[in-house]
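Below: the structure, in structure tokens.
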Amino acid sequence: MSETGTEPEPDVGFGAQKRQLRQFASSVLDAYERMPMDNRKYLITVLAPTVLLFLLGVGGAVTLPLPVLVRIPIFLLGALMLLAGMLYPRLLVEDQRRGLENQLHLVITHLTVLSTTNIDRVEVFRQLGRQKEYGELAVEMRRVTELVDTWNQSLDDALQRRSRAVPSKELGDFFDRLAYSLNAGQSLDDFLLGEQQTMIQRYITVYEGALGNLEVMKDLYLSMILSMTFAIINAIVLPILTGTDATMTIAAVIVLFIFVQLGFYYVIRTISPHDPLWYQQEEYRTKMDRQIDIALYGSVALALFFIVLLGTGTVGWTPVGQAVQTVMLDMPIPILIAAPLTPLAVPGLVARHHENSIKERDEEYPGFIRALGASESAKQSTTRAVLETLREKDFGILSREIDRLYSRLNMRVEPDRSWFFFTAETSSYLIQKFSEMYLVGRQMGGTPKQLGELISENMNEVIKLRRQRDQATVTLIGVLYGITASASFAFFIGLEVVEILATFSSDLNLAQFEFGQIIYAGVYNIPVIEYLLSMIILFNAVLSALMIRMVDGGHKVNAYLHFVVLVWIGAGSAVLTSSLAGALISV
């Protein structure tokens, strides 16, 4: 309370910005303390070279006799290297935090399943520490058990200590609550069962928040790309009035365009929810994996063949190359770039077909695992005996895998191997993780009905969130496809305007007028500029395809399909723009 008896006003505006800046600076300094490398060594091996590169960039931007649009990227490159060197420890800590939070809901569900069995509560954490798929979370579980085993601390003390050290607030709060409950005498399974609904709601909040951030980034990305498109159009048109080197000016602005796209790619990669669809492992290659591999290797080989064929046509080697060269002379450059890449769409189409099947299996799995757990509890029987009757029910596309699981168990194949083949053939990440939890819980004495209901509830919530993610992905695809078409149109309409002005200049012979030269048509190398613009369409297609792949959580080869479609959208828009402009000129 102040002397006047009124509460102080909240810190807003400039004061709030200063506070946020101080918090960010404090987090950066804290990251240097958490960094595995010694600070002195990092200063010598990383920071010193980046400072040198920054000074070289500043010197080049000031002293080199280049246009302003060329000097700016040189300075920005040096500044980017310095900023990356200074903030790299902070990025490392941020990656660690994401690694801890990405699969926290699965780990807590796994913890809950194990806690309902007959094993010791420290053994629960020890079991999770062996799960390499959990990454940073598995490392954190091992650190907890090391404090118990090596330093003879109690489990609640170890959890309390780690809650203050982990970079994730979510995990730290969970450890803190768990330590307090264990210290108060509450059992581990009682706490975790009560925590389930809370953790599910937090996971839903975080997931939906990430999707909301993606919507904001989509709008911001659209604005920035349109701004950079306008900058490239200026770089194309202005040299005809100023006489500067058009090729170098356009190349410099393209570098800025690349910086912007790389930055947005990193941000989207950071904020996208980690929720993979596929379960991929090297031990057993399923039919789906083999089909995708064959399509991938075949399409890459075919694309390389077409590229080599165009290369021989470019230099005119061999009679085949000369024949190809005659065809290439009549083809626009964007089409020549897009055509040999077309086969790369095939593996993406194959993966998309299988992904639809995986999503259908995920939809059927909660009903199956709930029915399996309830039947095992009611009949007090083995999984094999329950599946003998349960497999006769219709579980849609999952019925085939259920039948094969029963066949393996009936042939006395070990349950671990039988469930492994079941999860591998479904190719679903969620089915693999939840089936493993169910199997381990059953083997260690857990109640089947409780396990089935717990797993079914968690998976249903994840499936609901995935539907929202699918909608966000479709929206992002539409935006990126639309940006590609509009940007390509703008690039090549600017180039056509330059060609029209150059033709106009030569027709009027403006040099004969006394007011001097006002159009510098000689600074343009049209084929080279057209090639540069085609390259930026290609680069935009690569990063846009990777963004889509990052958001949809599907197979990696999905990026190939979107890459090919984006290249053809850009190339088609470029060719259509040039054709329309040529038709207008002829009229």
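Here, A, B, ... name the chains of the structure tokens in the order displayed, residue numbers run from 1 inside each chain, and ligands are numbered from 1 in the same displayed order.
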Skipping near chain neighbours, those fewer than 5 positions away, what residues fall within 9 Å of region 463-474 of chain A using only C-alpha atoms, listed as a PyMOL selection string?
chain A and resi 204+207-208+211-212+214-215+273+275+359+362-363+458+479+548+551-552
Do a neighbour search on region 372-381 of chain A at 9 Å with only C-alpha atoms, toss out local chain neighbours closer than 5 positions, and write the hits as a count of residues only.
12
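Of the residues listed (A:Thr109, A:Ser168, A:Asn213, A:Thr503), A:Thr503 shows the shortest atom-to-atom separation from Tyr520 (chain A); distances use only C-alpha atoms.
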Quick one: distance from CA of Phe420 (chain A) to CA of Asn118 (chain A) in Å, one decimal?
23.4 Å
I want to know what sits within 7 Å of Arg384 (chain A), based on only C-alpha atoms, with residues of the same chain fewer than 2 positions away left out; could you give that as a PyMOL selection string?
chain A and resi 382+386-388+406+409-410
Print the selection's residues with N, CA and C atoms to a file, as a compact mmCIF listing (two decimals), in the first residue's frame.
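Listed below is the output, out.txt:
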```
# COMPACT_ATOMS: atom_id res chain seq x y z
N THR A 382 -6.27 -64.94 -19.70
CA THR A 382 -5.11 -64.37 -20.39
C THR A 382 -5.58 -63.56 -21.60
N VAL A 386 -8.90 -64.14 -24.22
CA VAL A 386 -9.88 -63.06 -24.45
C VAL A 386 -9.94 -62.70 -25.93
N LEU A 387 -8.79 -62.66 -26.59
CA LEU A 387 -8.76 -62.29 -28.00
C LEU A 387 -9.45 -63.33 -28.88
N GLU A 388 -9.54 -64.56 -28.41
CA GLU A 388 -10.19 -65.61 -29.20
C GLU A 388 -11.64 -65.25 -29.51
N TYR A 406 -3.63 -62.31 -32.20
CA TYR A 406 -4.14 -63.55 -31.61
C TYR A 406 -3.41 -64.76 -32.19
N LEU A 409 0.00 -65.10 -30.52
CA LEU A 409 -0.13 -65.57 -29.14
C LEU A 409 -0.57 -67.03 -29.10
N ASN A 410 -1.42 -67.42 -30.02
CA ASN A 410 -1.92 -68.79 -30.06
C ASN A 410 -0.82 -69.78 -30.46
```
So how many Å separate CA of Phe54 (chain A) and CA of Leu92 (chain A), to one decimal?
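Computing the Euclidean distance for CA of Phe54 (chain A) and CA of Leu92 (chain A) yields 21.9 Å.
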Quick one: residues within 8 Å of Glu401 (chain A), only C-alpha atoms, excluding same-chain residues fewer than 3 positions away - as a PyMOL selection string?
chain A and resi 398+404-405+422+425-426
Rounded to one decimal in Å, what is the spacing between CA of Arg97 (chain A) and CA of Ile271 (chain A)?
12.0 Å
Counting only C-alpha atoms, which of A:Met37, A:Ser418, A:Gly172, A:Thr63 gets nearest to Leu100 (chain A)?
A:Gly172
Residue neighbourhood region 489-494 of chain A, 9 Å, only C-alpha atoms, exclusion window fewer than 4 positions, as a VMD selection string
chain A and resid 229 to 230 232 to 234 236 to 237 484 to 485 498 to 499 530 533 570 573 to 578 581
Go through A:Ala25, A:Ile72, A:Val122, A:Val51 one by one, measure the shortest atom-to-atom distance of each to Ile254 (chain A) using only C-alpha atoms, and give the residue with the smallest value.
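Checking each of A:Ala25, A:Ile72, A:Val122, A:Val51 against Ile254 (chain A), counting only C-alpha atoms, the winner is A:Ile72.
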Have a look at A:Lys433, A:His105, A:His110, A:Arg408 and name the one nearest to Thr198 (chain A); count only C-alpha atoms.
A:His105
Using only C-alpha atoms, determine which residues lie at most 10 Å from Ile200 (chain A), disregarding the query and same-chain residues fewer than 3 positions distant; provide the list as an MDAnalysis selection string.
chainID A and resid 105:106 108:109 195:197 203:206 457:458 461:462
Store the residues picked out above in a file with N, CA and C atoms, as a PDB file, in the first residue's frame.
```pdb
ATOM      1  N   HIS A 105       2.863 -35.722 -21.144  1.00  0.00           N
ATOM      2  CA  HIS A 105       1.597 -36.410 -20.887  1.00  0.00           C
ATOM      3  C   HIS A 105       1.742 -37.915 -21.019  1.00  0.00           C
ATOM      4  N   LEU A 106       2.545 -38.381 -21.994  1.00  0.00           N
ATOM      5  CA  LEU A 106       2.765 -39.818 -22.159  1.00  0.00           C
ATOM      6  C   LEU A 106       3.552 -40.389 -20.981  1.00  0.00           C
ATOM      7  N   ILE A 108       3.679 -39.235 -17.875  1.00  0.00           N
ATOM      8  CA  ILE A 108       2.857 -39.287 -16.666  1.00  0.00           C
ATOM      9  C   ILE A 108       1.841 -40.427 -16.760  1.00  0.00           C
ATOM     10  N   THR A 109       1.293 -40.653 -17.965  1.00  0.00           N
ATOM     11  CA  THR A 109       0.407 -41.803 -18.145  1.00  0.00           C
ATOM     12  C   THR A 109       1.168 -43.108 -17.904  1.00  0.00           C
ATOM     13  N   GLU A 195      -4.003 -37.127 -10.445  1.00  0.00           N
ATOM     14  CA  GLU A 195      -3.343 -36.109 -11.270  1.00  0.00           C
ATOM     15  C   GLU A 195      -3.688 -36.240 -12.748  1.00  0.00           C
ATOM     16  N   GLN A 196      -4.241 -37.393 -13.150  1.00  0.00           N
ATOM     17  CA  GLN A 196      -4.470 -37.664 -14.566  1.00  0.00           C
ATOM     18  C   GLN A 196      -5.314 -36.588 -15.237  1.00  0.00           C
ATOM     19  N   GLN A 197      -6.476 -36.293 -14.667  1.00  0.00           N
ATOM     20  CA  GLN A 197      -7.376 -35.329 -15.294  1.00  0.00           C
ATOM     21  C   GLN A 197      -6.734 -33.953 -15.381  1.00  0.00           C
ATOM     22  N   TYR A 203      -2.329 -30.589 -20.797  1.00  0.00           N
ATOM     23  CA  TYR A 203      -1.834 -30.959 -22.122  1.00  0.00           C
ATOM     24  C   TYR A 203      -2.735 -30.385 -23.212  1.00  0.00           C
ATOM     25  N   ILE A 204      -4.049 -30.437 -23.005  1.00  0.00           N
ATOM     26  CA  ILE A 204      -4.976 -29.865 -23.981  1.00  0.00           C
ATOM     27  C   ILE A 204      -4.742 -28.357 -24.112  1.00  0.00           C
ATOM     28  N   THR A 205      -4.541 -27.695 -22.977  1.00  0.00           N
ATOM     29  CA  THR A 205      -4.298 -26.240 -23.000  1.00  0.00           C
ATOM     30  C   THR A 205      -3.020 -25.904 -23.760  1.00  0.00           C
ATOM     31  N   VAL A 206      -1.950 -26.659 -23.486  1.00  0.00           N
ATOM     32  CA  VAL A 206      -0.671 -26.413 -24.163  1.00  0.00           C
ATOM     33  C   VAL A 206      -0.790 -26.699 -25.660  1.00  0.00           C
ATOM     34  N   GLU A 457      -8.982 -43.338 -22.289  1.00  0.00           N
ATOM     35  CA  GLU A 457      -9.322 -41.931 -22.035  1.00  0.00           C
ATOM     36  C   GLU A 457      -8.238 -40.995 -22.551  1.00  0.00           C
ATOM     37  N   ASN A 458      -6.975 -41.335 -22.276  1.00  0.00           N
ATOM     38  CA  ASN A 458      -5.878 -40.487 -22.739  1.00  0.00           C
ATOM     39  C   ASN A 458      -5.798 -40.444 -24.262  1.00  0.00           C
ATOM     40  N   GLU A 461      -8.459 -38.224 -25.963  1.00  0.00           N
ATOM     41  CA  GLU A 461      -8.164 -36.794 -25.886  1.00  0.00           C
ATOM     42  C   GLU A 461      -7.130 -36.391 -26.938  1.00  0.00           C
ATOM     43  N   VAL A 462      -6.108 -37.231 -27.133  1.00  0.00           N
ATOM     44  CA  VAL A 462      -5.083 -36.919 -28.129  1.00  0.00           C
ATOM     45  C   VAL A 462      -5.684 -36.931 -29.529  1.00  0.00           C
TER      46      VAL A 462
END
```
Nearest to Arg98 (chain A), restricted to only C-alpha atoms and choosing among A:Leu82, A:Ala165, A:Ala541, A:Leu171, comes out as A:Leu171
For a quick check of understanding, using only C-alpha atoms, which of A:His353, A:Arg161, A:Arg417, A:His562 has the smallest distance to Leu546 (chain A)?
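Between A:His353, A:Arg161, A:Arg417, A:His562, the residue approaching Leu546 (chain A) most closely is A:His562.
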